[in-house]
Every structure is written in structure tokens, then in C-alpha cells.
file query16.csv (CSV, C-alpha atoms and all ligand atoms)
chain,number,residue,atom,x,y,z
A,19,MET,CA,-21.2,23.3,9.0
A,20,SER,CA,-19.5,21.7,12.0
A,21,PHE,CA,-17.5,18.7,11.1
A,22,THR,CA,-15.5,16.8,13.7
A,23,LEU,CA,-13.5,13.6,13.7
A,24,ASN,CA,-16.7,11.8,14.8
A,25,ASP,CA,-18.1,12.5,11.4
A,26,LEU,CA,-15.1,10.7,9.7
A,27,PRO,CA,-14.9,7.0,9.0
A,28,LEU,CA,-12.5,6.6,11.9
A,29,ARG,CA,-11.7,3.1,13.1
A,30,ASP,CA,-14.2,2.1,15.8
A,31,ASP,CA,-11.4,1.3,18.2
A,32,LEU,CA,-10.0,4.8,18.0
A,33,ARG,CA,-13.4,6.6,18.7
A,34,GLY,CA,-13.4,8.5,22.0
A,35,ARG,CA,-9.6,8.1,22.5
A,36,SER,CA,-7.3,10.9,23.5
A,37,PRO,CA,-3.9,11.6,21.9
A,38,TYR,CA,-0.7,11.7,24.0
A,39,GLY,CA,-0.8,15.1,25.6
A,40,ALA,CA,2.0,16.4,27.9
A,41,PRO,CA,1.3,20.2,27.8
A,42,GLN,CA,4.0,22.2,25.9
A,43,LEU,CA,3.8,25.5,27.8
A,44,ASP,CA,6.1,28.4,27.5
A,45,VAL,CA,7.2,28.9,31.2
A,46,PRO,CA,10.8,29.5,32.5
A,47,VAL,CA,11.0,26.2,34.5
A,48,VAL,CA,9.9,23.2,32.4
A,49,LEU,CA,10.1,20.0,34.5
A,50,ASN,CA,7.3,17.9,32.9
A,51,THR,CA,8.6,15.6,30.2
A,52,ASN,CA,11.8,14.2,31.6
A,53,GLU,CA,14.1,16.1,29.3
A,54,ASN,CA,17.7,16.7,30.0
A,55,PRO,CA,18.0,20.4,31.1
A,56,HIS,CA,21.4,20.9,29.4
A,57,PRO,CA,21.4,22.0,25.8
A,58,PRO,CA,24.4,21.0,23.5
A,59,SER,CA,27.5,23.2,24.1
A,60,PRO,CA,28.3,25.7,21.4
A,61,ARG,CA,31.3,23.5,20.4
A,62,LEU,CA,29.0,20.5,19.9
A,63,ALA,CA,26.4,22.6,18.1
A,64,LYS,CA,29.1,23.7,15.7
A,65,ALA,CA,30.2,20.1,15.2
A,66,LEU,CA,26.6,19.1,14.5
A,67,ALA,CA,26.1,22.0,12.1
A,68,ASP,CA,29.3,21.2,10.2
A,69,ALA,CA,28.3,17.5,9.9
A,70,VAL,CA,24.8,18.3,8.8
A,71,ALA,CA,26.2,20.8,6.2
A,72,ASP,CA,28.2,17.9,4.8
A,73,THR,CA,25.2,15.6,4.8
A,74,ALA,CA,23.1,18.3,3.0
A,75,LEU,CA,25.3,18.0,-0.1
A,76,GLY,CA,23.9,14.4,-0.5
A,77,LEU,CA,20.3,15.0,0.3
A,78,ASN,CA,19.2,14.2,-3.2
A,79,ARG,CA,19.8,10.6,-2.3
A,80,TYR,CA,17.9,8.5,0.1
A,81,PRO,CA,19.7,7.8,3.4
A,82,ASP,CA,21.2,4.4,4.4
A,83,ARG,CA,18.1,2.4,4.8
A,84,ASP,CA,19.7,0.2,7.4
A,85,ALA,CA,21.5,2.9,9.3
A,86,VAL,CA,24.5,0.6,9.5
A,87,ARG,CA,27.1,3.1,10.8
A,88,LEU,CA,24.8,4.4,13.4
A,89,ARG,CA,23.9,0.9,14.6
A,90,GLU,CA,27.6,0.1,14.8
A,91,GLY,CA,28.2,3.1,17.0
A,92,LEU,CA,25.2,2.3,19.2
A,93,ALA,CA,26.4,-1.3,19.6
A,94,ALA,CA,29.8,0.0,20.7
A,95,TYR,CA,28.2,2.4,23.1
A,96,LEU,CA,26.1,-0.3,24.7
A,97,GLY,CA,29.0,-2.8,25.1
A,98,HIS,CA,28.0,-6.2,26.4
A,99,GLY,CA,29.6,-7.7,23.3
A,100,LEU,CA,26.7,-6.6,21.2
A,101,THR,CA,27.1,-6.6,17.4
A,102,THR,CA,25.6,-4.3,14.7
A,103,ASP,CA,23.0,-7.0,13.7
A,104,GLN,CA,21.6,-7.0,17.2
A,105,VAL,CA,20.9,-3.3,17.2
A,106,TRP,CA,18.1,-1.4,15.5
A,107,ALA,CA,17.4,2.4,15.5
A,108,ALA,CA,14.4,4.6,14.7
A,109,ASN,CA,12.9,8.0,15.3
A,110,GLY,CA,12.8,8.0,19.1
A,111,SER,CA,12.2,4.8,21.1
A,112,ASN,CA,8.5,5.5,20.5
A,113,GLU,CA,9.0,4.5,16.9
A,114,VAL,CA,11.1,1.5,18.0
A,115,LEU,CA,8.2,0.4,20.3
A,116,GLN,CA,5.7,1.0,17.5
A,117,GLN,CA,7.7,-1.2,15.1
A,118,ILE,CA,7.8,-4.0,17.7
A,119,LEU,CA,4.0,-3.9,18.0
A,120,GLN,CA,3.6,-3.8,14.2
A,121,ALA,CA,5.7,-6.9,14.0
A,122,PHE,CA,4.6,-8.9,17.0
A,123,GLY,CA,1.2,-7.4,18.0
A,124,GLY,CA,-1.8,-6.6,15.8
A,125,PRO,CA,-5.5,-7.6,15.6
A,126,GLY,CA,-6.3,-10.6,17.7
A,127,ARG,CA,-3.2,-10.2,19.8
A,128,VAL,CA,-2.6,-8.9,23.3
A,129,ALA,CA,0.1,-6.5,24.8
A,130,MET,CA,0.5,-6.3,28.5
A,131,GLY,CA,2.0,-3.7,30.8
A,132,PHE,CA,2.2,-3.0,34.6
A,133,GLU,CA,0.5,0.3,35.5
A,134,PRO,CA,1.1,3.0,36.3
A,135,SER,CA,3.7,3.0,33.5
A,136,TYR,CA,4.6,4.9,30.3
A,137,SER,CA,1.3,6.1,28.8
A,138,MET,CA,2.5,5.5,25.2
A,139,HIS,CA,2.6,1.7,25.6
A,140,PRO,CA,-1.2,1.4,25.6
A,141,ILE,CA,-1.6,4.1,22.9
A,142,LEU,CA,0.9,2.4,20.6
A,143,SER,CA,-0.7,-0.9,21.3
A,144,ARG,CA,-4.2,0.3,20.4
A,145,GLY,CA,-2.8,2.2,17.4
A,146,THR,CA,-1.6,-1.1,16.0
A,147,GLY,CA,-4.8,-2.9,16.7
A,148,THR,CA,-3.3,-4.8,19.6
A,149,ALA,CA,-5.6,-5.3,22.7
A,150,TRP,CA,-4.1,-3.8,25.9
A,151,VAL,CA,-4.2,-5.6,29.2
A,152,PRO,CA,-3.0,-3.5,32.2
A,153,VAL,CA,-1.9,-5.3,35.3
A,154,PRO,CA,-1.6,-3.1,38.5
A,155,ARG,CA,1.7,-2.7,40.3
A,156,ASP,CA,2.0,-3.4,44.1
A,157,ALA,CA,1.8,-0.7,46.8
A,158,ASP,CA,5.4,0.2,46.3
A,159,PHE,CA,4.9,0.6,42.6
A,160,ARG,CA,6.9,-2.5,41.8
A,161,VAL,CA,5.8,-5.3,39.4
A,162,ASP,CA,4.2,-8.0,41.5
A,163,VAL,CA,5.9,-10.9,39.8
A,164,GLU,CA,3.4,-13.6,41.0
A,165,ALA,CA,0.5,-11.5,39.8
A,166,ALA,CA,2.4,-10.9,36.5
A,167,LEU,CA,2.9,-14.6,36.0
A,168,THR,CA,-0.8,-15.3,36.6
A,169,ALA,CA,-1.8,-12.5,34.1
A,170,ILE,CA,0.6,-13.9,31.5
A,171,ALA,CA,-0.8,-17.4,31.9
A,172,GLU,CA,-4.3,-16.0,31.5
A,173,HIS,CA,-3.9,-13.6,28.7
A,174,ARG,CA,-1.0,-15.1,26.7
A,175,PRO,CA,0.3,-11.7,25.6
A,176,SER,CA,2.3,-11.5,22.3
A,177,VAL,CA,4.2,-8.5,23.7
A,178,VAL,CA,4.9,-7.7,27.4
A,179,PHE,CA,6.2,-4.3,28.4
A,180,LEU,CA,8.5,-4.0,31.4
A,181,THR,CA,9.7,-0.5,32.0
A,182,SER,CA,12.9,-0.2,34.1
A,183,PRO,CA,13.4,2.4,35.5
A,184,ASN,CA,9.7,2.8,35.2
A,185,ASN,CA,8.0,6.0,34.2
A,186,PRO,CA,6.3,7.7,36.2
A,187,THR,CA,7.4,5.8,39.3
A,188,GLY,CA,11.2,5.6,38.9
A,189,THR,CA,11.3,2.1,40.2
A,190,VAL,CA,13.4,-0.8,38.7
A,191,LEU,CA,13.0,-4.5,38.1
A,192,GLU,CA,15.5,-7.1,39.3
A,193,PRO,CA,17.1,-9.1,36.5
A,194,ALA,CA,16.0,-12.4,38.1
A,195,ASP,CA,12.4,-11.2,38.0
A,196,ILE,CA,12.8,-10.1,34.3
A,197,GLU,CA,14.2,-13.6,33.6
A,198,ARG,CA,11.2,-15.3,35.2
A,199,LEU,CA,8.8,-13.2,33.2
A,200,VAL,CA,10.7,-13.8,29.9
A,201,ARG,CA,10.7,-17.5,30.5
A,202,ALA,CA,6.9,-17.5,31.2
A,203,ALA,CA,5.9,-15.1,28.3
A,204,PRO,CA,4.7,-16.8,25.1
A,205,GLY,CA,5.8,-13.8,23.0
A,206,VAL,CA,8.4,-11.1,23.2
A,207,VAL,CA,9.3,-9.1,26.3
A,208,VAL,CA,10.3,-5.5,25.9
A,209,VAL,CA,12.4,-3.9,28.7
A,210,ASP,CA,12.0,-0.2,28.1
A,211,GLU,CA,15.2,1.2,29.5
A,212,ALA,CA,14.7,4.8,28.3
A,213,TYR,CA,16.2,6.0,31.6
A,214,ALA,CA,18.9,3.3,32.0
A,215,GLU,CA,21.8,5.7,32.4
A,216,PHE,CA,20.3,7.3,35.5
A,217,ARG,CA,20.2,4.1,37.5
A,218,ARG,CA,21.8,4.1,40.9
A,219,GLU,CA,25.0,2.0,41.5
A,220,GLY,CA,24.5,-1.8,41.5
A,221,ARG,CA,21.3,-1.8,39.3
A,222,PRO,CA,22.2,-3.9,36.3
A,223,SER,CA,20.7,-3.4,32.8
A,224,ALA,CA,18.6,-6.1,31.1
A,225,LEU,CA,21.2,-6.1,28.3
A,226,SER,CA,23.2,-8.7,30.3
A,227,LEU,CA,20.3,-11.1,29.9
A,228,LEU,CA,20.2,-10.9,26.1
A,229,PRO,CA,22.6,-13.8,25.3
A,230,ASP,CA,20.3,-16.3,27.0
A,231,HIS,CA,16.9,-15.0,25.9
A,232,PRO,CA,16.2,-14.6,22.1
A,233,THR,CA,12.7,-13.2,22.8
A,234,LEU,CA,14.0,-10.4,25.1
A,235,ILE,CA,14.2,-6.9,23.6
A,236,VAL,CA,15.9,-3.9,25.4
A,237,SER,CA,14.9,-0.5,24.1
A,238,ARG,CA,16.9,2.7,24.8
A,239,THR,CA,16.8,6.3,23.7
A,240,MET,CA,19.2,9.2,23.0
A,241,SER,CA,16.4,11.6,24.3
A,242,LYS,CA,17.3,11.5,28.0
A,243,ALA,CA,20.9,10.8,29.0
A,244,PHE,CA,22.3,12.0,25.7
A,245,ALA,CA,20.2,15.2,25.9
A,246,LEU,CA,19.0,14.8,22.3
A,247,ALA,CA,15.2,14.7,22.6
A,248,GLY,CA,14.8,17.1,19.7
A,249,ALA,CA,16.7,14.8,17.3
A,250,ARG,CA,14.4,11.8,17.8
A,251,VAL,CA,16.7,8.9,18.0
A,252,GLY,CA,15.8,5.6,19.8
A,253,TYR,CA,17.2,2.2,19.5
A,254,LEU,CA,17.0,-1.4,20.7
A,255,ALA,CA,19.2,-4.4,21.3
A,256,ALA,CA,17.9,-7.9,20.7
A,257,HIS,CA,18.6,-11.2,18.9
A,258,PRO,CA,19.4,-10.6,15.2
A,259,ALA,CA,16.2,-12.4,14.3
A,260,VAL,CA,14.2,-9.7,16.1
A,261,VAL,CA,16.0,-7.1,14.0
A,262,ASP,CA,15.0,-9.1,10.9
A,263,ALA,CA,11.4,-9.1,12.0
A,264,LEU,CA,11.4,-5.3,12.4
A,265,GLN,CA,12.7,-4.8,8.9
A,266,LEU,CA,9.4,-6.3,7.6
A,267,VAL,CA,7.4,-3.4,9.1
A,268,ARG,CA,9.7,-0.4,9.1
A,269,LEU,CA,9.1,2.3,6.4
A,270,PRO,CA,12.0,2.3,3.9
A,271,TYR,CA,14.4,5.1,4.7
A,272,HIS,CA,12.6,5.8,8.0
A,273,LEU,CA,15.6,7.4,9.6
A,274,SER,CA,16.6,10.6,7.7
A,275,ALA,CA,20.2,11.2,6.7
A,276,VAL,CA,20.2,14.3,8.9
A,277,THR,CA,19.1,12.3,11.9
A,278,GLN,CA,21.7,9.6,11.3
A,279,THR,CA,24.4,12.3,11.0
A,280,VAL,CA,23.3,14.1,14.2
A,281,ALA,CA,23.2,10.8,16.2
A,282,LEU,CA,26.7,9.8,15.0
A,283,VAL,CA,28.1,13.2,16.0
A,284,ALA,CA,26.4,12.8,19.4
A,285,LEU,CA,27.9,9.4,19.8
A,286,ASP,CA,31.3,10.9,19.0
A,287,HIS,CA,30.7,13.3,21.8
A,288,ALA,CA,29.2,10.8,24.2
A,289,ASP,CA,31.6,11.7,27.0
A,290,GLU,CA,30.6,15.4,27.0
A,291,LEU,CA,26.9,14.6,26.6
A,292,LEU,CA,26.8,12.0,29.3
A,293,ALA,CA,28.9,14.2,31.7
A,294,ALA,CA,25.7,15.7,33.1
A,295,VAL,CA,24.2,12.4,34.0
A,296,ALA,CA,26.2,12.1,37.3
A,297,GLU,CA,25.2,15.6,38.2
A,298,LEU,CA,21.5,14.9,37.5
A,299,ARG,CA,21.7,11.6,39.5
A,300,ALA,CA,23.1,13.5,42.5
A,301,GLU,CA,20.5,16.3,42.1
A,302,ARG,CA,17.8,13.5,42.0
A,303,ASP,CA,19.1,11.9,45.2
A,304,SER,CA,19.2,15.2,47.1
A,305,LEU,CA,15.7,16.0,45.8
A,306,VAL,CA,14.3,12.7,47.1
A,307,ALA,CA,16.0,13.3,50.5
A,308,TRP,CA,14.6,16.9,50.7
A,309,LEU,CA,11.1,15.8,49.8
A,310,ARG,CA,11.1,13.0,52.4
A,311,GLY,CA,12.5,15.4,54.9
A,312,ARG,CA,9.5,17.7,54.3
A,313,GLY,CA,7.2,14.8,54.9
A,314,PHE,CA,6.2,13.9,51.4
A,315,SER,CA,5.9,10.3,50.2
A,316,VAL,CA,8.4,9.6,47.5
A,317,ALA,CA,8.8,6.6,45.2
A,318,ASP,CA,12.4,5.3,45.0
A,319,SER,CA,13.8,6.7,41.8
A,320,ASP,CA,16.5,5.4,39.5
A,321,ALA,CA,15.5,7.8,36.8
A,322,ASN,CA,15.8,11.6,36.0
A,323,PHE,CA,12.4,12.3,37.6
A,324,VAL,CA,10.8,11.8,41.0
A,325,MET,CA,7.2,10.9,41.8
A,326,PHE,CA,5.9,12.3,45.0
A,327,GLY,CA,2.7,12.9,47.0
A,328,GLU,CA,0.3,12.4,48.3
A,329,PHE,CA,-2.1,15.3,47.7
A,330,GLU,CA,-5.8,15.5,48.3
A,331,ASP,CA,-6.1,17.7,45.3
A,332,ARG,CA,-3.0,17.3,43.1
A,333,THR,CA,-4.5,19.4,40.3
A,334,ARG,CA,-4.6,22.4,42.7
A,335,VAL,CA,-1.0,21.9,43.6
A,336,TRP,CA,0.0,21.5,39.9
A,337,ARG,CA,-1.9,24.6,39.0
A,338,ASP,CA,-0.5,26.7,41.9
A,339,MET,CA,3.1,25.7,40.9
A,340,LEU,CA,2.3,26.6,37.2
A,341,GLY,CA,1.2,30.0,38.5
A,342,GLN,CA,4.7,30.3,39.9
A,343,GLN,CA,6.1,29.5,36.5
A,344,VAL,CA,7.1,25.9,37.4
A,345,LEU,CA,5.6,23.3,35.1
A,346,ILE,CA,5.6,19.7,36.5
A,347,ARG,CA,3.5,16.7,35.5
A,348,GLU,CA,0.1,15.6,36.7
A,349,THR,CA,0.5,11.9,36.1
A,350,GLY,CA,0.7,8.6,38.0
A,351,PRO,CA,-1.7,7.3,40.6
A,352,PRO,CA,-4.3,9.8,42.0
A,353,GLY,CA,-2.7,12.1,44.6
A,354,TRP,CA,0.8,11.9,43.1
A,355,LEU,CA,2.8,14.3,40.9
A,356,ARG,CA,6.0,13.8,38.9
A,357,VAL,CA,8.9,16.3,38.6
A,358,THR,CA,11.8,16.0,36.2
A,359,VAL,CA,15.2,16.6,37.6
A,360,GLY,CA,16.6,19.8,36.1
A,361,THR,CA,19.5,22.1,36.9
A,362,SER,CA,20.1,23.0,40.6
A,363,ALA,CA,18.7,26.5,39.9
A,364,GLU,CA,15.5,24.9,38.5
A,365,MET,CA,15.3,22.5,41.5
A,366,ASP,CA,15.5,25.5,43.8
A,367,ALA,CA,12.6,27.1,41.9
A,368,PHE,CA,10.7,23.8,42.2
A,369,ARG,CA,11.3,23.6,46.0
A,370,ARG,CA,10.2,27.1,46.5
A,371,ALA,CA,7.0,26.7,44.4
A,372,LEU,CA,6.1,23.4,46.1
A,373,LEU,CA,6.4,24.9,49.6
A,374,HIS,CA,4.3,27.8,48.5
A,375,ALA,CA,1.7,25.5,46.9
A,376,THR,CA,1.4,23.2,49.9
A,377,GLY,CA,1.9,25.7,52.7
A,378,ARG,CA,4.7,23.6,54.2
B,1,LIG,N1,9.9,5.0,27.1
B,1,LIG,C1,9.7,5.7,28.2
B,1,LIG,C2,9.6,4.9,29.5
B,1,LIG,C3,9.6,7.1,28.2
B,1,LIG,O1,9.4,7.8,29.3
B,1,LIG,C4,9.8,7.8,27.0
B,1,LIG,C5,9.7,9.3,26.9
B,1,LIG,N2,9.0,10.0,27.8
B,1,LIG,C6,10.0,7.0,25.8
B,1,LIG,C7,10.1,5.7,25.9
B,1,LIG,C8,10.1,7.7,24.5
B,1,LIG,O2,11.1,8.5,24.3
B,1,LIG,P1,11.7,8.8,22.8
B,1,LIG,O3,10.6,8.5,21.8
B,1,LIG,O4,12.0,10.3,22.9
B,1,LIG,O5,12.9,8.0,22.7

call {"tool": "encode", "arguments": {"input": "query16.csv", "output": "C-alpha cells", "more": "lines below"}}
Ligand code: PMP
result
Amino acid sequence: MSFTLNDLPLRDDLRGRSPYGAPQLDVPVVLNTNENPHPPSPRLAKALADAVADTALGLNRYPDRDAVRLREGLAAYLGHGLTTDQVWAANGSNEVLQQILQAFGGPGRVAMGFEPSYSMHPILSRGTGTAWVPVPRDADFRVDVEAALTAIAEHRPSVVFLTSPNNPTGTVLEPADIERLVRAAPGVVVVDEAYAEFRREGRPSALSLLPDHPTLIVSRTMSKAFALAGARVGYLAAHPAVVDALQLVRLPYHLSAVTQTVALVALDHADELLAAVAELRAERDSLVAWLRGRGFSVADSDANFVMFGEFEDRTRVWRDMLGQQVLIRETGPPGWLRVTVGTSAEMDAFRRALLHATGR
């Protein structure tokens, strides 16, 4: 008997939907999910293992439900005078964003984003029963602030997602524009800063706007700059009242004792982990220059990835490169592809494969 999910009493609004699906393929050069290419050093791996061994002796007990020490450490890392009660942490920023939607979205409510942007924002919105309203970006992949203000006035979203630097385009928002949108939005505004540490000089974080805007939320992650995607640690900074709201929806003990320990050790080694950020930013800038020099169109990038094009048949280019053992991402507007910035050896492989795939 063939039985599929269509035969289940699935929610009507989930029928026909696709799950998040970046391919996880076993190839030598993996440049498709914006990971940091540098694994922890053996010294850090040992420090992590020792700390986890210590934590293991107490695993019969539930973890600190409020992850206070971790939030203290994250507040200190973020600076900007932030205090522990303004910071919240969860299993990746995906869970942080989901908790925001559980608290502020839901049936009868609207979430809005400016596309192309991070594909999980609509997926998490729909998963929490929140209607999703996409607003297109302008030709340079920037948020068209006037169009955004019109859309906010029309749809009255409970949650607005601004992604800066934006995935997949790499483009940033000016703080003055964020402020205009926060003032206009009737609900909360989330600035998803997953790639904040990769910004070029002179591009401020939305963290500096928090003191004046209690409905502004800035989300961050340890997955990218901290090279800790496997540990699943994301966090946010906001008014303490926002943190109170999230505690109404979070699962008790959502962040395991092992995760909290790993994140604390990583924070203790922040200098070592973040050392590669400067190298990746330089690698990114030289990749952008190289692509432009070869006649490709390239979106300005303040992230650890670059979106480039334009291809009549991007699927063919993507597949040709995969055939050469280089995995990039088929995402963004039609005709564009996205590549994560890896080590210089990986970028050499990328450049070779791209030239081969495009005959340039
Ligand atoms: N926000 C953006 C813009 C992202 O690109 C990603 C990861 N690709 C995330 C959030 C989620 O990252 P994580 O759950 O690993 O923190």
C-alpha cells in the first residue's frame, strides 16, 4: 500500500510545500551553505572535549533553562552596553527566529520580508501559521524603502524581516533606513545579522539602534564568523521585554547543557575563532574583483558569500561545476548563482571550475 504525506491529516497550509533543502553532497569543495571553511584547531577541540567531559558528569540534571552564563558572555561579546537581560540564545538563529514568530506572529497575523532573501523566513512564518508577504527588492538588490513603507502601511505586518547583510545578495541596509522602517512598522522588526562580522569597514550594526527602539530585534549566530555551525547556537539582542515574550514560547531547557558548554568555550576562544574573519573578508573582496574582471555581474557583498551572474542556464553551470567537484548554490534571482567564500585553495578550485563551466 502506498501511503504518502498527502494521506495524512496534514495542515492544509502545509500541503504541497517543500522543506528547506540545500543539498548535502560529499564533494571535496563545499561552497554552498555559507559555512566557515576553518574547523576548530586541535587545541580548541581539546578544550571543547575537556569542558564537555565535565558537563557530562552533570547530565542527569536539566540544563540552566535561562542559559544565563552564556547570555552574559554573548552580551559581553556584542558590546554596545548590552546586558544579559537583553540577550537570548537558542539552537541556531533559526530557532531564535522561530521563537520570535511564535511570540509575535501566528494565525491572522502577517510577516513581511524583502526578496530575494533568506529562504527560512517564509518557511518559519508559514510553519507558525503566519501569513507571508514578500516585497521585491530594487534592481541592485537593495530594500526599496519607499516601497517597503507602502507595503507596511498596506499589510500592517506583526513581524518585519530585514536581513543585513542579506542572504543571498550580500547587500546591507543603512541604519537610517532601518530606523524609518522600525518607526513605521506596527509590530517588531527583526534585523537578521547572521553575517554581521563579515561587513566591510564603515558599515554599522543595527545594535547601535537598540536603545531608541524597543520593537527592534537584532539576531546573530555563532554558525558563520565563529565557525560553529555544527554546534547550533544563535542569539539575539533586544529590549528585555522582548526576551520576556520569548520565554512564553520557548521549550523548557531548549538549549542543552552540552550546547551551552560548547558555546561558552567558543566565546572564551573568540580571538582564535574570529581570526579567520579578516582573511575571509579579503578573500571575498578579491573574488568580487576577479569575477568583475572576468565580466560577470556581481552583487556588492558584505558577507562570506558572493552572488554572481548572469547565466542563461544557471542550472547547467551549477551542474558542470559540481561535475568538477565544486558545490555552489543555485539560489537567488533567475540567472544568478551564489558561492560561499572558502579557503584560498578552495577559491582557486572555484575559479578554475567556473572558467571551465562558462568557457571564459
Ligand atoms: N539567517 C540567515 C540570513 C542565514 O543565512 C542563516 C543560515 N544560512 C541563518 C539565519 C541561520 O543560521 P543558524 O540557524 O545556523 O544560526

call {"tool": "residues_around", "arguments": {"input": "query16.csv", "residues": "Pro55 in chain A", "least_positions_apart": "3", "cutoff": "8 Å", "atoms": "all atoms listed in the file", "output": "PyMOL selection string"}}
result
chain A and resi 245+360-361

call {"tool": "closest_residue", "arguments": {"input": "query16.csv", "among": "A:Lys64, A:Arg378, A:Arg155, A:Arg87", "to": "Gly313 in chain A", "atoms": "only C-alpha atoms"}}
result
A:Arg378

call {"tool": "residues_near_ligand", "arguments": {"input": "query16.csv", "ligand": "ligand LIG 1 (chain B)", "cutoff": "6 Å", "atoms": "only C-alpha atoms and all ligand atoms", "output": "ChimeraX atom specification"}}
result
/A:110-112,136,181,185,210,212,239,241,247,250,252

call {"tool": "residues_near_point", "arguments": {"input": "query16.csv", "point": "(2.2, -14.4, 29.1)", "cutoff": "8 Å", "atoms": "all atoms listed in the file", "output": "list in words"}}
result
Leu167, Ala169, Ile170, Ala171, Glu172, His173, Arg174, Pro175, Ser176, Val178, Leu199, Ala202, Ala203, Pro204 and Gly205 of chain A

call {"tool": "atom_distance", "arguments": {"input": "query16.csv", "atom1": "CA of Arg79 in chain A", "atom2": "CA of Leu269 in chain A"}}
result
16.1 Å

call {"tool": "atom_distance", "arguments": {"input": "query16.csv", "atom1": "CA of Glu133 in chain A", "atom2": "CA of Phe179 in chain A"}}
result
10.2 Å

call {"tool": "closest_residue", "arguments": {"input": "query16.csv", "among": "A:Leu264, A:Leu234, A:Leu355, A:Leu291", "to": "Val316 in chain A", "atoms": "all atoms listed in the file"}}
result
A:Leu355

call {"tool": "closest_residue", "arguments": {"input": "query16.csv", "among": "A:Val357, A:Ala243, A:Ala321, A:Ala307", "to": "Ala293 in chain A", "atoms": "only C-alpha atoms"}}
result
A:Ala243

call {"tool": "closest_residue", "arguments": {"input": "query16.csv", "among": "A:Pro222, A:Gly353, A:Pro58, A:Pro140", "to": "Glu290 in chain A", "atoms": "all atoms listed in the file"}}
result
A:Pro58

call {"tool": "closest_residue", "arguments": {"input": "query16.csv", "among": "A:Ala165, A:Val267, A:Leu372, A:Ala249", "to": "Val280 in chain A", "atoms": "all atoms listed in the file"}}
result
A:Ala249

call {"tool": "closest_residue", "arguments": {"input": "query16.csv", "among": "A:Thr73, A:Asn54, A:Gln265, A:Ser315", "to": "Glu297 in chain A", "atoms": "only C-alpha atoms"}}
result
A:Asn54

call {"tool": "atom_distance", "arguments": {"input": "query16.csv", "atom1": "CA of Leu305 in chain A", "atom2": "CA of Asp195 in chain A"}}
result
28.5 Å

call {"tool": "residues_near_point", "arguments": {"input": "query16.csv", "point": "(3.5, 0.6, 48.1)", "cutoff": "12 Å", "atoms": "all atoms listed in the file", "output": "number ranges by chain"}}
result
A: 154-162, 187, 189, 315-318, 351

call {"tool": "write_last_selection", "arguments": {"input": "query16.csv", "atoms": "C-alpha atoms", "output": "compact mmCIF listing (two decimals), in the coordinates of the input"}}
result
# COMPACT_ATOMS: atom_id res chain seq x y z
CA PRO A 154 -1.60 -3.10 38.50
CA ARG A 155 1.70 -2.70 40.30
CA ASP A 156 2.00 -3.40 44.10
CA ALA A 157 1.80 -0.70 46.80
CA ASP A 158 5.40 0.20 46.30
CA PHE A 159 4.90 0.60 42.60
CA ARG A 160 6.90 -2.50 41.80
CA VAL A 161 5.80 -5.30 39.40
CA ASP A 162 4.20 -8.00 41.50
CA THR A 187 7.40 5.80 39.30
CA THR A 189 11.30 2.10 40.20
CA SER A 315 5.90 10.30 50.20
CA VAL A 316 8.40 9.60 47.50
CA ALA A 317 8.80 6.60 45.20
CA ASP A 318 12.40 5.30 45.00
CA PRO A 351 -1.70 7.30 40.60

call {"tool": "closest_atom_pairs", "arguments": {"input": "query16.csv", "of": "range 206-226 of chain A", "to": "range 121-130 of chain A", "cutoff": "12 Å", "atoms": "all atoms listed in the file", "output": "tab-separated table"}}
result
residue	atom	partner	partner_atom	distance
A:Val206	CA	A:Phe122	CA	7.6
A:Val207	CA	A:Met130	CA	9.5
A:Val208	CA	A:Met130	CA	10.2

call {"tool": "residues_around", "arguments": {"input": "query16.csv", "residues": "Asp230 in chain A", "least_positions_apart": "3", "cutoff": "12 Å", "atoms": "only C-alpha atoms", "output": "mmCIF file with C-alpha atoms, in the coordinates of the input"}}
result
data_model
loop_
_atom_site.group_PDB
_atom_site.id
_atom_site.type_symbol
_atom_site.label_atom_id
_atom_site.label_comp_id
_atom_site.auth_asym_id
_atom_site.auth_seq_id
_atom_site.Cartn_x
_atom_site.Cartn_y
_atom_site.Cartn_z
ATOM 1 C CA GLU A 197 14.200 -13.600 33.600
ATOM 2 C CA VAL A 200 10.700 -13.800 29.900
ATOM 3 C CA ARG A 201 10.700 -17.500 30.500
ATOM 4 C CA ALA A 224 18.600 -6.100 31.100
ATOM 5 C CA LEU A 225 21.200 -6.100 28.300
ATOM 6 C CA SER A 226 23.200 -8.700 30.300
ATOM 7 C CA LEU A 227 20.300 -11.100 29.900
ATOM 8 C CA THR A 233 12.700 -13.200 22.800
ATOM 9 C CA LEU A 234 14.000 -10.400 25.100
ATOM 10 C CA ILE A 235 14.200 -6.900 23.600
ATOM 11 C CA ALA A 256 17.900 -7.900 20.700
ATOM 12 C CA HIS A 257 18.600 -11.200 18.900
#

call {"tool": "residues_around", "arguments": {"input": "query16.csv", "residues": "Val276 in chain A", "least_positions_apart": "5", "cutoff": "9 Å", "atoms": "all atoms listed in the file", "output": "list in words"}}
result
Ala69, Val70, Thr73, Ala74, Leu77, Pro81 and Ala281 of chain A

call {"tool": "residues_around", "arguments": {"input": "query16.csv", "residues": "Tyr38 in chain A", "least_positions_apart": "6", "cutoff": "10 Å", "atoms": "all atoms listed in the file", "output": "JSON, numbers by chain"}}
result
{"A": [137, 138, 141]}

call {"tool": "residues_around", "arguments": {"input": "query16.csv", "residues": "Glu211 in chain A", "least_positions_apart": "5", "cutoff": "9 Å", "atoms": "all atoms listed in the file", "output": "VMD selection string"}}
result
chain A and resid 180 to 184 223 to 224 236 to 239
